Structures are given as structure tokens and as C-alpha cells.
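Peer 1: Please find final07.cif (mmCIF, C-alpha atoms) on the next line:
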```cif
data_entry
#
loop_
_atom_site.label_atom_id
_atom_site.label_comp_id
_atom_site.auth_asym_id
_atom_site.auth_seq_id
_atom_site.Cartn_x
_atom_site.Cartn_y
_atom_site.Cartn_z
CA MET C 1 12.83 157.11 -88.92
CA ALA C 2 15.20 154.25 -88.22
CA ASP C 3 16.71 156.08 -85.27
CA ARG C 4 13.52 156.55 -83.32
CA ILE C 5 13.61 155.04 -79.83
CA TYR C 6 10.65 152.98 -78.63
CA ARG C 7 9.78 151.41 -75.33
CA ALA C 8 7.56 148.53 -74.31
CA PRO C 9 4.45 149.14 -72.22
CA GLY C 10 4.73 148.69 -68.47
CA ASP C 11 4.77 145.32 -66.74
CA GLY C 12 1.48 143.47 -66.97
CA ALA C 13 -0.01 145.71 -69.67
CA LEU C 14 -0.04 142.95 -72.25
CA ARG C 15 -1.05 139.32 -72.08
CA ILE C 16 0.69 137.45 -74.88
CA GLU C 17 -0.42 133.96 -75.94
CA ALA C 18 1.13 132.02 -78.82
CA LEU C 19 -1.50 130.25 -80.95
CA GLY C 20 0.49 128.23 -83.45
CA ALA C 21 1.64 130.47 -86.29
CA VAL C 22 0.02 133.59 -84.84
CA THR C 23 0.25 135.27 -81.49
CA ALA C 24 -2.74 136.77 -79.71
CA ILE C 25 -2.05 139.82 -77.58
CA PHE C 26 -4.58 141.17 -75.11
CA ASP C 27 -3.94 144.79 -74.16
CA ARG C 28 -5.29 145.22 -70.63
CA ARG C 29 -5.33 149.01 -71.01
CA SER C 30 -7.51 149.18 -74.11
CA MET C 31 -9.18 145.74 -73.68
CA GLN C 32 -8.33 145.15 -77.34
CA THR C 33 -7.11 141.89 -78.84
CA HIS C 34 -4.39 142.00 -81.48
CA LEU C 35 -3.30 139.10 -83.66
CA VAL C 36 0.28 139.32 -84.92
CA VAL C 37 2.90 137.14 -86.57
CA ALA C 38 6.70 137.06 -86.40
CA PRO C 39 8.67 139.19 -85.81
CA MET C 40 6.16 141.18 -83.73
CA PRO C 41 6.20 138.97 -80.59
CA GLU C 42 10.01 138.78 -80.73
CA ILE C 43 10.24 142.58 -80.97
CA LEU C 44 7.99 142.97 -77.91
CA VAL C 45 10.09 140.52 -75.91
CA GLU C 46 13.33 142.23 -76.83
CA LEU C 47 11.97 145.71 -76.22
CA ALA C 48 10.90 144.68 -72.74
CA ALA C 49 14.63 144.49 -71.91
CA GLY C 50 14.86 148.26 -72.39
CA PRO C 51 14.01 151.09 -74.81
CA CYS C 52 16.02 151.18 -77.99
CA ASP C 53 15.97 152.14 -81.67
CA ALA C 54 15.45 149.89 -84.67
CA ALA C 55 19.15 149.40 -85.45
CA THR C 56 19.93 148.31 -81.90
CA LEU C 57 16.88 146.07 -81.82
CA ALA C 58 17.85 144.48 -85.15
CA ALA C 59 21.32 143.74 -83.76
CA ARG C 60 19.83 142.23 -80.60
CA LEU C 61 17.42 140.09 -82.60
CA ALA C 62 20.24 138.99 -84.95
CA ASP C 63 22.06 137.58 -81.92
CA ARG C 64 19.13 135.29 -81.21
CA PHE C 65 17.57 134.61 -84.61
CA ASP C 66 18.85 133.80 -88.05
CA MET C 67 18.09 137.02 -89.94
CA GLU C 68 20.36 136.46 -92.94
CA GLY C 69 18.87 137.19 -96.31
CA GLU C 70 16.16 139.42 -94.93
CA GLY C 71 17.44 142.60 -96.53
CA ASP C 72 17.95 145.68 -94.44
CA ALA C 73 16.96 144.30 -91.05
CA ALA C 74 17.00 147.69 -89.33
CA ALA C 75 14.62 149.20 -91.89
CA ILE C 76 12.26 146.22 -91.59
CA ILE C 77 12.32 146.41 -87.79
CA ALA C 78 11.68 150.16 -87.98
CA ASP C 79 8.56 149.51 -90.09
CA ARG C 80 7.32 146.86 -87.66
CA LEU C 81 7.95 149.17 -84.68
CA GLY C 82 5.88 151.83 -86.42
CA GLU C 83 3.06 149.31 -86.88
CA LEU C 84 3.25 148.22 -83.23
CA ALA C 85 3.13 151.87 -82.18
CA ALA C 86 0.02 152.39 -84.36
CA MET C 87 -1.62 149.49 -82.50
CA GLY C 88 -0.63 151.05 -79.19
CA LEU C 89 1.56 148.08 -78.23
CA VAL C 90 4.81 150.10 -78.05
CA GLU C 91 5.34 153.82 -77.65
CA PRO C 92 8.02 156.33 -78.59
CA ALA C 93 10.36 156.79 -75.66
CA MET X 1 -48.24 142.70 -69.39
CA ARG X 2 -51.50 140.84 -69.97
CA HIS X 3 -49.95 137.49 -70.82
CA ARG X 4 -46.67 136.18 -69.49
CA THR X 5 -44.58 133.11 -68.90
CA ARG X 6 -41.18 132.07 -67.63
CA ILE X 7 -38.85 129.72 -69.43
CA ALA X 8 -35.48 128.34 -68.30
CA VAL X 9 -33.13 127.37 -71.12
CA GLY X 10 -29.77 126.20 -69.79
CA PRO X 11 -28.51 128.82 -67.33
CA VAL X 12 -30.80 131.57 -68.64
CA GLN X 13 -34.15 132.28 -67.00
CA PHE X 14 -36.42 134.24 -69.34
CA ARG X 15 -39.42 136.33 -68.39
CA ILE X 16 -41.62 136.84 -71.45
CA GLY X 17 -44.63 139.14 -71.58
CA SER X 18 -47.03 139.73 -74.45
CA ASP X 19 -50.01 141.89 -75.32
CA TRP X 20 -51.54 138.82 -76.99
CA ALA X 21 -52.34 135.36 -75.69
CA ALA X 22 -51.30 133.40 -78.79
CA PRO X 23 -47.48 133.78 -78.65
CA ILE X 24 -47.44 132.90 -74.94
CA ALA X 25 -49.66 129.85 -75.53
CA ALA X 26 -47.33 128.73 -78.33
CA LEU X 27 -44.28 129.15 -76.08
CA LYS X 28 -45.94 127.27 -73.22
CA SER X 29 -46.65 124.41 -75.58
CA LEU X 30 -43.08 124.27 -76.95
CA TYR X 31 -41.49 124.59 -73.51
CA ALA X 32 -43.96 122.48 -71.50
CA GLY X 33 -41.29 119.87 -70.75
CA TYR X 34 -38.67 122.35 -69.51
CA PRO X 35 -37.97 122.82 -65.80
CA CYS X 36 -39.84 125.77 -64.33
CA ASP X 37 -38.81 127.59 -61.16
CA LYS X 38 -41.07 130.61 -60.74
CA ALA X 39 -39.21 131.75 -57.62
CA ARG X 40 -35.94 132.17 -59.53
CA PRO X 41 -35.24 135.76 -60.63
CA ALA X 42 -35.29 136.38 -64.36
CA ASP X 43 -31.99 136.94 -66.17
CA ALA X 44 -33.57 138.33 -69.32
CA THR X 45 -36.86 139.98 -70.18
CA VAL X 46 -38.65 139.86 -73.54
CA ARG X 47 -41.72 141.94 -74.28
CA LEU X 48 -43.99 141.49 -77.29
CA PHE X 49 -46.11 144.57 -77.59
CA ALA X 50 -48.44 146.49 -79.87
CA ALA X 51 -47.10 149.86 -81.00
CA ARG X 52 -50.54 151.47 -80.40
CA PRO X 53 -53.34 150.08 -78.20
CA TRP X 54 -55.71 149.51 -81.12
CA ARG X 55 -53.03 147.52 -82.95
CA ARG X 56 -53.75 144.69 -80.55
CA TRP X 57 -56.82 144.00 -82.71
CA LEU X 58 -56.46 145.96 -85.92
CA ARG X 59 -53.79 144.41 -88.19
CA PRO X 60 -51.94 143.29 -85.09
CA SER X 61 -48.17 143.61 -85.41
CA VAL X 62 -45.72 142.44 -82.82
CA HIS X 63 -42.87 144.69 -81.67
CA ILE X 64 -39.99 143.04 -79.83
CA GLY X 65 -38.80 144.71 -76.64
CA GLY X 66 -36.82 143.86 -73.55
CA ASP X 67 -33.63 144.78 -71.74
CA PHE X 68 -31.94 145.14 -75.12
CA ILE X 69 -33.59 146.23 -78.34
CA VAL X 70 -32.76 146.64 -82.01
CA PRO X 71 -34.04 150.16 -82.68
CA ASP X 72 -34.92 149.71 -86.36
CA ALA X 73 -36.35 146.19 -86.19
CA LEU X 74 -39.57 145.90 -88.15
CA PRO X 75 -42.58 144.44 -86.31
CA LEU X 76 -43.87 141.00 -87.32
CA PRO X 77 -47.48 140.02 -87.98
CA LEU X 78 -49.19 138.32 -85.04
CA SER X 79 -49.19 135.00 -86.95
CA MET X 80 -45.41 135.06 -86.50
CA GLY X 81 -45.59 135.90 -82.80
CA LEU X 82 -43.64 132.76 -81.93
CA LEU X 83 -40.80 133.84 -84.20
CA ALA X 84 -40.89 137.29 -82.56
CA ALA X 85 -40.57 135.63 -79.15
CA GLU X 86 -37.64 133.50 -80.35
CA MET X 87 -35.90 136.54 -81.86
CA GLY X 88 -36.44 138.45 -78.63
CA MET X 89 -34.99 135.62 -76.53
CA ASN X 90 -31.94 135.32 -78.82
CA LEU X 91 -31.38 139.06 -78.71
CA GLN X 92 -31.40 139.26 -74.91
CA VAL X 93 -28.88 136.42 -74.64
CA ALA X 94 -26.66 137.64 -77.49
CA LEU X 95 -26.42 141.18 -76.15
CA GLY X 96 -26.91 140.76 -72.44
CA TRP X 97 -25.25 137.58 -71.25
CA ARG X 98 -21.93 138.03 -69.43
CA ARG X 99 -21.45 134.95 -67.27
CA HIS X 100 -20.11 132.79 -70.09
CA LEU X 101 -18.36 133.19 -73.39
CA LEU X 102 -21.21 133.00 -75.86
CA LEU X 103 -20.60 131.31 -79.21
CA HIS X 104 -23.00 131.44 -82.12
CA ALA X 105 -22.73 127.69 -82.52
CA SER X 106 -24.71 124.50 -82.19
CA ALA X 107 -23.40 121.64 -80.07
CA VAL X 108 -23.97 117.97 -79.36
CA ALA X 109 -22.42 115.86 -76.63
CA LYS X 110 -21.60 112.24 -75.88
CA ASP X 111 -19.90 110.78 -72.80
CA GLY X 112 -19.40 114.24 -71.30
CA ARG X 113 -17.58 115.64 -74.33
CA ALA X 114 -18.93 118.10 -76.87
CA VAL X 115 -18.73 118.78 -80.58
CA VAL X 116 -19.19 122.50 -81.22
CA LEU X 117 -20.36 123.52 -84.71
CA SER X 118 -19.97 127.17 -85.59
CA GLY X 119 -21.18 128.77 -88.78
CA GLU X 120 -23.33 131.37 -90.44
CA SER X 121 -27.00 130.85 -91.15
CA GLY X 122 -27.23 128.32 -93.97
CA SER X 123 -24.08 126.44 -92.93
CA GLY X 124 -26.31 123.64 -91.69
CA LYS X 125 -25.07 123.73 -88.10
CA SER X 126 -28.62 123.66 -86.69
CA THR X 127 -29.79 120.84 -88.94
CA LEU X 128 -26.71 118.71 -88.28
CA ALA X 129 -27.06 119.18 -84.53
CA ALA X 130 -30.80 118.44 -84.64
CA LEU X 131 -30.29 115.25 -86.65
CA LEU X 132 -27.37 114.07 -84.50
CA GLY X 133 -29.57 114.81 -81.47
CA GLU X 134 -32.10 112.27 -82.76
CA GLY X 135 -29.43 109.57 -82.67
CA GLU X 136 -26.84 108.74 -80.04
CA TRP X 137 -25.97 112.33 -79.23
CA ARG X 138 -27.34 114.75 -76.67
CA LEU X 139 -28.45 117.97 -78.35
CA MET X 140 -26.90 120.85 -76.39
CA GLY X 141 -28.25 123.61 -78.58
CA ASP X 142 -28.88 124.65 -82.18
CA GLU X 143 -27.96 128.33 -81.91
CA PHE X 144 -25.80 129.23 -78.90
CA THR X 145 -23.12 127.37 -76.97
CA LEU X 146 -21.85 128.85 -73.71
CA VAL X 147 -18.28 128.35 -72.51
CA GLU X 148 -17.61 128.58 -68.79
CA PRO X 149 -14.51 130.79 -68.39
CA GLY X 150 -13.26 129.06 -65.25
CA SER X 151 -13.45 125.43 -66.32
CA GLY X 152 -13.44 125.73 -70.11
CA ASP X 153 -16.52 123.49 -70.22
CA ALA X 154 -19.31 123.95 -72.76
CA LEU X 155 -22.80 124.53 -71.36
CA ALA X 156 -26.01 123.73 -73.19
CA PHE X 157 -28.60 126.19 -74.38
CA PRO X 158 -31.20 123.75 -75.73
CA ARG X 159 -33.94 126.12 -76.84
CA ALA X 160 -36.54 124.73 -79.23
CA VAL X 161 -34.65 124.07 -82.47
CA SER X 162 -35.50 126.51 -85.24
CA LEU X 163 -35.79 124.34 -88.36
CA LYS X 164 -35.73 126.29 -91.60
CA ASN X 165 -36.88 125.49 -95.13
CA GLU X 166 -35.51 122.13 -96.40
CA ALA X 167 -34.53 121.05 -92.88
CA ILE X 168 -38.21 120.96 -91.88
CA ALA X 169 -39.12 117.99 -94.10
CA GLU X 170 -35.89 116.21 -93.22
CA VAL X 171 -36.67 116.29 -89.51
CA GLU X 172 -40.45 115.83 -89.89
CA ALA X 173 -39.75 112.43 -91.42
CA ARG X 174 -37.87 111.27 -88.32
CA VAL X 175 -39.67 112.58 -85.24
CA ASP X 176 -42.96 112.29 -83.41
CA PRO X 177 -45.23 115.10 -84.74
CA ALA X 178 -46.00 116.01 -81.12
CA ARG X 179 -42.45 117.36 -80.87
CA LEU X 180 -42.99 119.89 -83.67
CA GLY X 181 -44.45 123.37 -83.33
CA PRO X 182 -46.73 125.04 -85.88
CA LEU X 183 -45.38 125.74 -89.38
CA LEU X 184 -44.57 129.43 -89.71
CA ALA X 185 -44.64 129.92 -93.48
CA GLY X 186 -43.15 132.86 -95.33
CA THR X 187 -41.34 134.55 -92.44
CA PRO X 188 -38.45 136.95 -93.18
CA LYS X 189 -36.19 133.90 -92.57
CA GLY X 190 -38.22 131.58 -94.81
CA ASP X 191 -40.40 128.76 -93.53
CA ILE X 192 -39.77 127.92 -89.89
CA ARG X 193 -40.92 125.07 -87.70
CA HIS X 194 -39.70 124.45 -84.17
CA LEU X 195 -38.51 121.09 -82.87
CA ILE X 196 -38.75 120.34 -79.16
CA PRO X 197 -35.47 118.66 -78.11
CA ARG X 198 -35.68 115.15 -76.76
CA ALA X 199 -36.67 114.87 -73.10
CA ASP X 200 -33.26 113.46 -72.14
CA ALA X 201 -31.53 116.49 -73.70
CA ILE X 202 -33.76 118.85 -71.72
CA ALA X 203 -33.24 116.88 -68.51
CA ALA X 204 -29.45 117.03 -68.98
CA MET X 205 -29.31 120.71 -69.93
CA HIS X 206 -27.31 121.69 -66.83
CA GLU X 207 -24.64 119.05 -67.39
CA PRO X 208 -21.45 120.60 -68.76
CA ALA X 209 -19.40 118.89 -71.47
CA ARG X 210 -15.71 119.29 -72.25
CA PRO X 211 -15.21 120.53 -75.84
CA ALA X 212 -13.59 117.77 -77.90
CA LEU X 213 -14.01 119.11 -81.45
CA LEU X 214 -14.53 122.51 -83.04
CA LEU X 215 -16.16 122.24 -86.45
CA PHE X 216 -16.88 124.97 -88.98
CA PRO X 217 -19.42 123.41 -91.36
CA ARG X 218 -20.22 124.58 -94.87
CA PHE X 219 -23.21 123.09 -96.61
CA GLY X 220 -22.67 122.31 -100.29
CA GLY X 221 -19.84 120.89 -102.39
CA GLU X 222 -17.97 117.63 -102.18
CA PRO X 223 -17.26 116.15 -98.75
CA ALA X 224 -14.07 117.74 -97.44
CA ILE X 225 -12.25 118.03 -94.14
CA GLU X 226 -9.49 120.52 -93.45
CA ARG X 227 -7.62 120.89 -90.18
CA ILE X 228 -7.18 124.52 -89.19
CA GLY X 229 -4.69 126.07 -86.81
CA GLU X 230 -5.30 127.61 -83.42
CA GLY X 231 -5.00 131.13 -84.80
CA GLU X 232 -7.63 130.62 -87.50
CA ALA X 233 -9.98 128.96 -85.03
CA PHE X 234 -9.44 131.91 -82.69
CA VAL X 235 -10.36 134.39 -85.42
CA ARG X 236 -13.42 132.43 -86.53
CA LEU X 237 -14.71 132.00 -82.98
CA THR X 238 -14.21 135.61 -81.94
CA GLU X 239 -16.27 136.54 -84.99
CA ALA X 240 -18.90 134.00 -83.92
CA SER X 241 -19.06 135.28 -80.36
CA THR X 242 -21.51 138.01 -79.47
CA ASN X 243 -19.89 138.89 -76.13
CA TYR X 244 -16.16 138.25 -76.60
CA VAL X 245 -15.31 141.96 -76.44
CA ALA X 246 -17.60 142.60 -73.48
CA LEU X 247 -15.97 139.85 -71.42
CA GLY X 248 -12.53 141.45 -71.66
CA GLU X 249 -9.61 139.34 -70.44
CA ALA X 250 -11.90 136.56 -69.20
CA GLY X 251 -13.11 136.12 -72.79
CA PHE X 252 -9.55 136.23 -74.13
CA ALA X 253 -8.42 133.58 -71.66
CA ALA X 254 -11.42 131.33 -72.35
CA MET X 255 -10.98 131.64 -76.11
CA THR X 256 -7.22 130.96 -76.15
CA ARG X 257 -7.74 127.92 -73.94
CA LEU X 258 -10.59 126.62 -76.12
CA VAL X 259 -8.61 126.78 -79.37
CA ARG X 260 -5.46 125.33 -77.77
CA GLU X 261 -7.18 122.36 -76.20
CA THR X 262 -9.65 121.55 -78.98
CA PRO X 263 -8.78 120.36 -82.49
CA ALA X 264 -10.57 122.42 -85.16
CA PHE X 265 -11.66 121.57 -88.69
CA THR X 266 -13.61 123.12 -91.54
CA ILE X 267 -15.94 120.62 -93.14
CA SER X 268 -17.92 120.71 -96.38
CA TYR X 269 -20.73 118.31 -97.14
CA PRO X 270 -23.34 117.89 -99.90
CA ASP X 271 -26.14 116.53 -97.70
CA SER X 272 -26.97 115.86 -94.08
CA ALA X 273 -26.02 112.18 -94.21
CA ALA X 274 -22.53 113.06 -95.45
CA GLY X 275 -22.22 115.81 -92.83
CA MET X 276 -23.19 113.46 -90.02
CA ALA X 277 -20.71 110.83 -91.28
CA ILE X 278 -17.90 113.41 -91.22
CA VAL X 279 -18.78 114.43 -87.65
CA GLU X 280 -18.75 110.77 -86.57
CA GLN X 281 -15.42 110.15 -88.32
CA LEU X 282 -13.72 113.17 -86.72
CA TRP X 283 -15.24 112.30 -83.35
CA ALA X 284 -13.85 108.75 -83.52
CA GLU X 285 -10.38 110.17 -84.23
CA ALA X 286 -10.63 112.89 -81.56
CA VAL X 287 -11.64 110.62 -78.67
CA ARG X 288 -9.38 107.72 -79.64
#
```
Can you present the structure in this file as C-alpha cells?

Peer 2:
Amino acid sequence: MADRIYRAPGDGALRIEALGAVTAIFDRRSMQTHLVVAPMPEILVELAAGPCDAATLAARLADRFDMEGEGDAAAIIADRLGELAAMGLVEPA
Amino acid sequence: MRHRTRIAVGPVQFRIGSDWAAPIAALKSLYAGYPCDKARPADATVRLFAARPWRRWLRPSVHIGGDFIVPDALPLPLSMGLLAAEMGMNLQVALGWRRHLLLHASAVAKDGRAVVLSGESGSGKSTLAALLGEGEWRLMGDEFTLVEPGSGDALAFPRAVSLKNEAIAEVEARVDPARLGPLLAGTPKGDIRHLIPRADAIAAMHEPARPALLLFPRFGGEPAIERIGEGEAFVRLTEASTNYVALGEAGFAAMTRLVRETPAFTISYPDSAAGMAIVEQLWAEAVR
């Protein structure tokens, strides 16, 4: 479902702290802690700019990061968005 | 209850009641040198009770009760009443304490800075802390270390050290016998003997210390030191905390700060002397 549109949670819902190679995310709504690695934090930051689908997000991320040689970026981003949605950190718009 | 006492260990004031005199007498002996403020309200309550009235005399077995209980915990024979009291005190703190981030870790301090040692039972964290506490270090605790969410400081919880199995002989050889409790042989945790911390450690138990090192010891194998990242330290310490989830964002903030500001290492060591040498080496590098 590469064309599914997701949105970030509202302002202040997440507290995001980089801890070296991993990023700890505290979800103030569920009180749960999530530990993630790239590109999850980058996806959350980009999605905060506005809801979008995986292809658009992949294009936005490609502007800022070197994503060459990573295969089908949109498909990878779609998988990661699905995982973030399963954790409750993003939601379908 | 018929027999009772109050004990203050670090910031926690315990109220302990018992159907029998012996466990209370043993506690009063171990904690005779601790400050006692009877007017201060209790933070945690431990009850040692007989399941049926006649079981006070007939094959007496000690049930552990209090504000928090483990429903399926088996009672202990009266000869292990002191262990029952210790288990009850640990349980109340592990499940009930909310003022600080609670780490299942021992700690020692020097010059206002702390080395925190976190590990499972058998990792040697208690023995290392106890032995370091007989030298130039202040023993902060052998079982729990509290982290103040506001300041990030470590606070001591210097209960009587629970020496187990081989550690008993190792410490017996170094300390005044008056600082050792009775030998509790053949408990569910093996042989146990309690060590009363040094008087200066008890007197300083309210003095916070800034964490300077986080160590994750493993007893056995060749001496080894491995630096670990903030993320791994975060995972290990959340697993070693009994109240991280209950503290919510305050716990998250305290934990992220702790792992960011404090270098962390796993250490392996074949014997206590090697373990203590590694702690001293890492300490010298951390405070340089």
C-alpha cells in the first residue's frame, strides 16, 4: 500500500531523544517507550511537515539524505510507515 | 502486630511488624547503627505473619505481607525470618517506590561521584560493591540505587549487604565479625550472611553522588572491558529498573540523561581482585 497517506501525531505527543545509534521515543499518550533506528526518526520529522504517502516522503527524504543504492526507496518507506503505524507513532490520514 | 520496628535506609522509612520476636531482634541488631526517627511517617510496611494462629508455634512458617505482595510466594521457615524481612523490604521498594528512578544495581562513591554496577544475581555486583566499600570507597548500596529525576544524582540505599555463598568467606576474612549477621544456611537463595555497612557509609547515606560510571559486570571468564553505547545502556537499565514504566516521562527523562552523561561499560572478571582492579582502572580514566 505504497499510496497510503499517513500523518504524524499532534504537537507534543512524542518526546524524541537521540541516544547514539538509536533513538528513544516516549509517547505521552500511551506512556510507552519505543527504541528505533534510522530511518524512523527521519520519517517522523518529515511527516511532521504534513501528511503524505510513502512516495512523496521518499522524495522529500531523498532531498535531504543520500538514499542511492537503497533499492526501491518508496517501498522501503512504505514498510517503515506501516511499522510506525503498528507502534502507534503515526496514523493513517 | 506483636513485635515491630522502624528502619530508615536512605530515603525509605520502613515499618516492619512480625508475629515472632526473633526476626525483629535480628533486624534491630543489624540496623542498630542506622538513624532512627520514630516520628517520621513510614513509606513502606512489611508484615511477617503466621498463616494460622497456631503456626506461630507449630512448624512456624513466615508469610511476607505489606503494601505490596507476591500472591504465590511460599512461606519461609522461622529460622529464615531475617531473609523474609529482607525480601519483604526489597519488595515494597521495588514495587512501591515512585520518588526516584529505581535501579537494580549496587553503587559505591568517592569524592561525590558514583560508580553504578548493574547486573543479574550472580554477576557479582553485590560482592564487588561490598569489597570496594571496605577500601577507599563509600558503599551506597548492594541491591538498589535510586536516581533523583530532577538533579540526576544517585542516592544511596545502604541496607545490610546480602552476602551469598562464596562471597561470605571472602568478606568474613576482611571484616570485624561484629559487622556480620547470623549465617542463614540452605535458603532458597543459597547460604546468606548479612554485612553491616561501615559506619561512615551509614552516616553519609543521605549524601547524593553524581554518577560517573555505569558498569555491567559479569563474573567469570578472562578480564575484559567493552564500552557500550547510550542506546544499549538505556535498554539494559530500563530492564534493571523496577519502576521505569510507572514513572512515565519523569523516568524517561532521568534515564536518557543518565546514559548520555555517564560512560558505560560491560566488564568480565575471573575473581574479585580482578573485578576491583577493572573498576579502579575505569574510574581513573573517567575522572581524569

Peer 1: With a distance threshold of 7 Å and counting all atoms listed in the file, extract the residues of chain X near chain C and express them as a PyMOL selection string.

Peer 2: chain X and resi 229-231+248

Peer 1: Please provide as a compact mmCIF listing (two decimals) with C-alpha atoms, in the coordinates of the input all residues within 7 Å of range 2-8 of chain X, with the sequence filter that same-chain residues fewer than 2 positions apart are discarded (counting only C-alpha atoms).

Peer 2:
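Output (part-v5.txt):
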```txt
# COMPACT_ATOMS: atom_id res chain seq x y z
CA GLY X 10 -29.77 126.20 -69.79
CA VAL X 12 -30.80 131.57 -68.64
CA GLN X 13 -34.15 132.28 -67.00
CA PHE X 14 -36.42 134.24 -69.34
CA ARG X 15 -39.42 136.33 -68.39
CA ILE X 16 -41.62 136.84 -71.45
CA GLY X 17 -44.63 139.14 -71.58
CA SER X 18 -47.03 139.73 -74.45
CA ASP X 19 -50.01 141.89 -75.32
CA TRP X 20 -51.54 138.82 -76.99
CA ALA X 21 -52.34 135.36 -75.69
CA ILE X 24 -47.44 132.90 -74.94
CA TYR X 34 -38.67 122.35 -69.51
CA PRO X 35 -37.97 122.82 -65.80
CA CYS X 36 -39.84 125.77 -64.33
```

Peer 1: On this structure, the PyMOL selection byres ((chain C and resi 8-10) around 9) would catch which residues? List them as a list in words, sorted by chain and number.

Peer 2: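 Applied to this file, the PyMOL selection byres ((chain C and resi 8-10) around 9) selects Tyr6, Arg7, Asp11, Gly12, Ala13, Leu14, Leu44, Val45, Glu46, Leu47, Ala48, Ala49, Gly50, Pro51, Gly88, Leu89, Val90, Glu91, Pro92 and Ala93 of chain C.
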
Peer 1: Counting all atoms listed in the file, which residue out of C:Ile5, C:Val37, C:Ala58, C:Ile43 sits closest to Ala73 in chain C?

Peer 2: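 Among the listed residues, C:Ala58 lies closest to Ala73 in chain C.
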
Peer 1: For Val175 in chain X, which residue out of X:Ala130, X:Pro211, X:Phe219, X:Glu143 is the nearest one, using all atoms listed in the file?

Peer 2: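 Of all the options, X:Ala130 lies closest to Val175 in chain X.
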
Peer 1: Could you expand the PyMOL selection byres ((chain X and resi 188-204) around 6) into the explicit residues it covers here, written as a PDB file with C-alpha atoms, in the coordinates of the input?

Peer 2:
```pdb
ATOM      1  CA  ARG X 138     -27.340 114.750 -76.670  1.00  0.00           C
ATOM      2  CA  LEU X 139     -28.450 117.970 -78.350  1.00  0.00           C
ATOM      3  CA  ALA X 160     -36.540 124.730 -79.230  1.00  0.00           C
ATOM      4  CA  VAL X 161     -34.650 124.070 -82.470  1.00  0.00           C
ATOM      5  CA  SER X 162     -35.500 126.510 -85.240  1.00  0.00           C
ATOM      6  CA  LEU X 163     -35.790 124.340 -88.360  1.00  0.00           C
ATOM      7  CA  LYS X 164     -35.730 126.290 -91.600  1.00  0.00           C
ATOM      8  CA  ASN X 165     -36.880 125.490 -95.130  1.00  0.00           C
ATOM      9  CA  ARG X 179     -42.450 117.360 -80.870  1.00  0.00           C
ATOM     10  CA  LEU X 180     -42.990 119.890 -83.670  1.00  0.00           C
ATOM     11  CA  GLY X 181     -44.450 123.370 -83.330  1.00  0.00           C
ATOM     12  CA  LEU X 183     -45.380 125.740 -89.380  1.00  0.00           C
ATOM     13  CA  LEU X 184     -44.570 129.430 -89.710  1.00  0.00           C
ATOM     14  CA  ALA X 185     -44.640 129.920 -93.480  1.00  0.00           C
ATOM     15  CA  GLY X 186     -43.150 132.860 -95.330  1.00  0.00           C
ATOM     16  CA  THR X 187     -41.340 134.550 -92.440  1.00  0.00           C
ATOM     17  CA  MET X 205     -29.310 120.710 -69.930  1.00  0.00           C
ATOM     18  CA  HIS X 206     -27.310 121.690 -66.830  1.00  0.00           C
ATOM     19  CA  GLU X 207     -24.640 119.050 -67.390  1.00  0.00           C
TER      20      GLU X 207
END
```

Peer 1: Rounded to one decimal in Å, what is the spacing between CA of Ile69 in chain X and CA of Leu48 in chain X?

Peer 2: 11.5 Å

Peer 1: What gap, in Å, lies between CA of Ala25 in chain X and CA of Ala84 in chain X?

Peer 2: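 Between CA of Ala25 in chain X and CA of Ala84 in chain X the gap is 13.5 Å.
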
Peer 1: Starting from the PyMOL selection byres ((chain X and resi 125) around 10), expand the selection into actual residues of this file and give them as a list of chain:residue names.

Peer 2: X:His104, X:Ala105, X:Ser106, X:Ala107, X:Val116, X:Leu117, X:Ser118, X:Gly119, X:Glu120, X:Ser121, X:Gly122, X:Ser123, X:Gly124, X:Ser126, X:Thr127, X:Leu128, X:Ala129, X:Ala130, X:Asp142, X:Glu143, X:Leu215, X:Phe216, X:Pro217, X:Arg218, X:Phe219, X:Gly275

Peer 1: Mind checking which residues fall within 8 Å of Ala75 in chain C, counting all atoms listed in the file, ignoring those fewer than 3 positions away in the same chain, and posting them as an MDAnalysis selection string?

Peer 2: chainID C and resid 2 54:55 72 78:79

Peer 1: Let's have the selection written as a PDB file, keeping the file's coordinate frame, with C-alpha atoms.

Peer 2:
```pdb
ATOM      1  CA  ALA C   2      15.200 154.250 -88.220  1.00  0.00           C
ATOM      2  CA  ALA C  54      15.450 149.890 -84.670  1.00  0.00           C
ATOM      3  CA  ALA C  55      19.150 149.400 -85.450  1.00  0.00           C
ATOM      4  CA  ASP C  72      17.950 145.680 -94.440  1.00  0.00           C
ATOM      5  CA  ALA C  78      11.680 150.160 -87.980  1.00  0.00           C
ATOM      6  CA  ASP C  79       8.560 149.510 -90.090  1.00  0.00           C
TER       7      ASP C  79
END
```

Peer 1: Using Å and a single decimal, report how far CA of Asp176 in chain X sits from CA of Ser29 in chain X.

Peer 2: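 Taking CA of Ser29 in chain X as the start and CA of Asp176 in chain X as the end point, the length is 14.9 Å.
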
Peer 1: Counting only C-alpha atoms, which of X:Pro158, X:Gly220, X:Gly135, X:Pro177 gets nearest to Ser272 in chain X?

Peer 2: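 Smallest distance to Ser272 in chain X is found for X:Gly220.
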
Peer 1: Nearest to Met80 in chain X among X:Leu155, X:Leu101, X:Ala42, X:Ala26, with distances taken over all atoms listed in the file: which residue is it?

Peer 2: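 Comparing X:Leu155, X:Leu101, X:Ala42, X:Ala26 against Met80 in chain X, the winner is X:Ala26.
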
Peer 1: Which residues, written as a VMD selection string, have at least one atom at most 6 Å from Ala109 in chain X, with only C-alpha atoms counted and residues fewer than 2 positions away on the same chain left out?

Peer 2: chain X and resid 113 to 114 137 to 138

Peer 1: Please list, as a VMD selection string, the residues that have an atom at most 10 Å away from (-13.5, 137.4, -79.6) in the coordinates of this file, counting only C-alpha atoms.

Peer 2: (chain C and resid 32 to 33) or (chain X and resid 101 to 103 234 to 248 251 to 252 254 to 256)

Peer 1: Taking only C-alpha atoms into account, name the residue in X:Val147, X:Ala32, X:Val108, X:Leu27 that is nearest to Ala250 in chain X.

Peer 2: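 The answer is X:Val147, which sits nearest to Ala250 in chain X.
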
Peer 1: Restricting the calculation to all atoms listed in the file, which member of X:Glu249, X:Ile168, X:Arg159, X:Ala273 is positioned closest to Ile16 in chain C?

Peer 2: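 Distance minimum relative to Ile16 in chain C lands on X:Glu249.
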
Peer 1: Would you mind putting back N, CA and C atoms on range 74-80 of chain C, then writing it out as a compact mmCIF listing (two decimals), in the frame of the given file?

Peer 2:
```
# COMPACT_ATOMS: atom_id res chain seq x y z
N ALA C 74 17.36 146.52 -90.14
CA ALA C 74 17.00 147.69 -89.33
C ALA C 74 15.79 148.41 -89.91
N ALA C 75 15.75 148.51 -91.25
CA ALA C 75 14.62 149.20 -91.89
C ALA C 75 13.32 148.41 -91.69
N ILE C 76 13.44 147.07 -91.79
CA ILE C 76 12.26 146.22 -91.59
C ILE C 76 11.76 146.34 -90.15
N ILE C 77 12.70 146.30 -89.20
CA ILE C 77 12.32 146.41 -87.79
C ILE C 77 11.70 147.79 -87.52
N ALA C 78 12.23 148.81 -88.18
CA ALA C 78 11.68 150.16 -87.98
C ALA C 78 10.22 150.20 -88.45
N ASP C 79 9.96 149.55 -89.59
CA ASP C 79 8.56 149.51 -90.09
C ASP C 79 7.66 148.78 -89.10
N ARG C 80 8.15 147.65 -88.59
CA ARG C 80 7.32 146.86 -87.66
C ARG C 80 7.09 147.64 -86.36
```
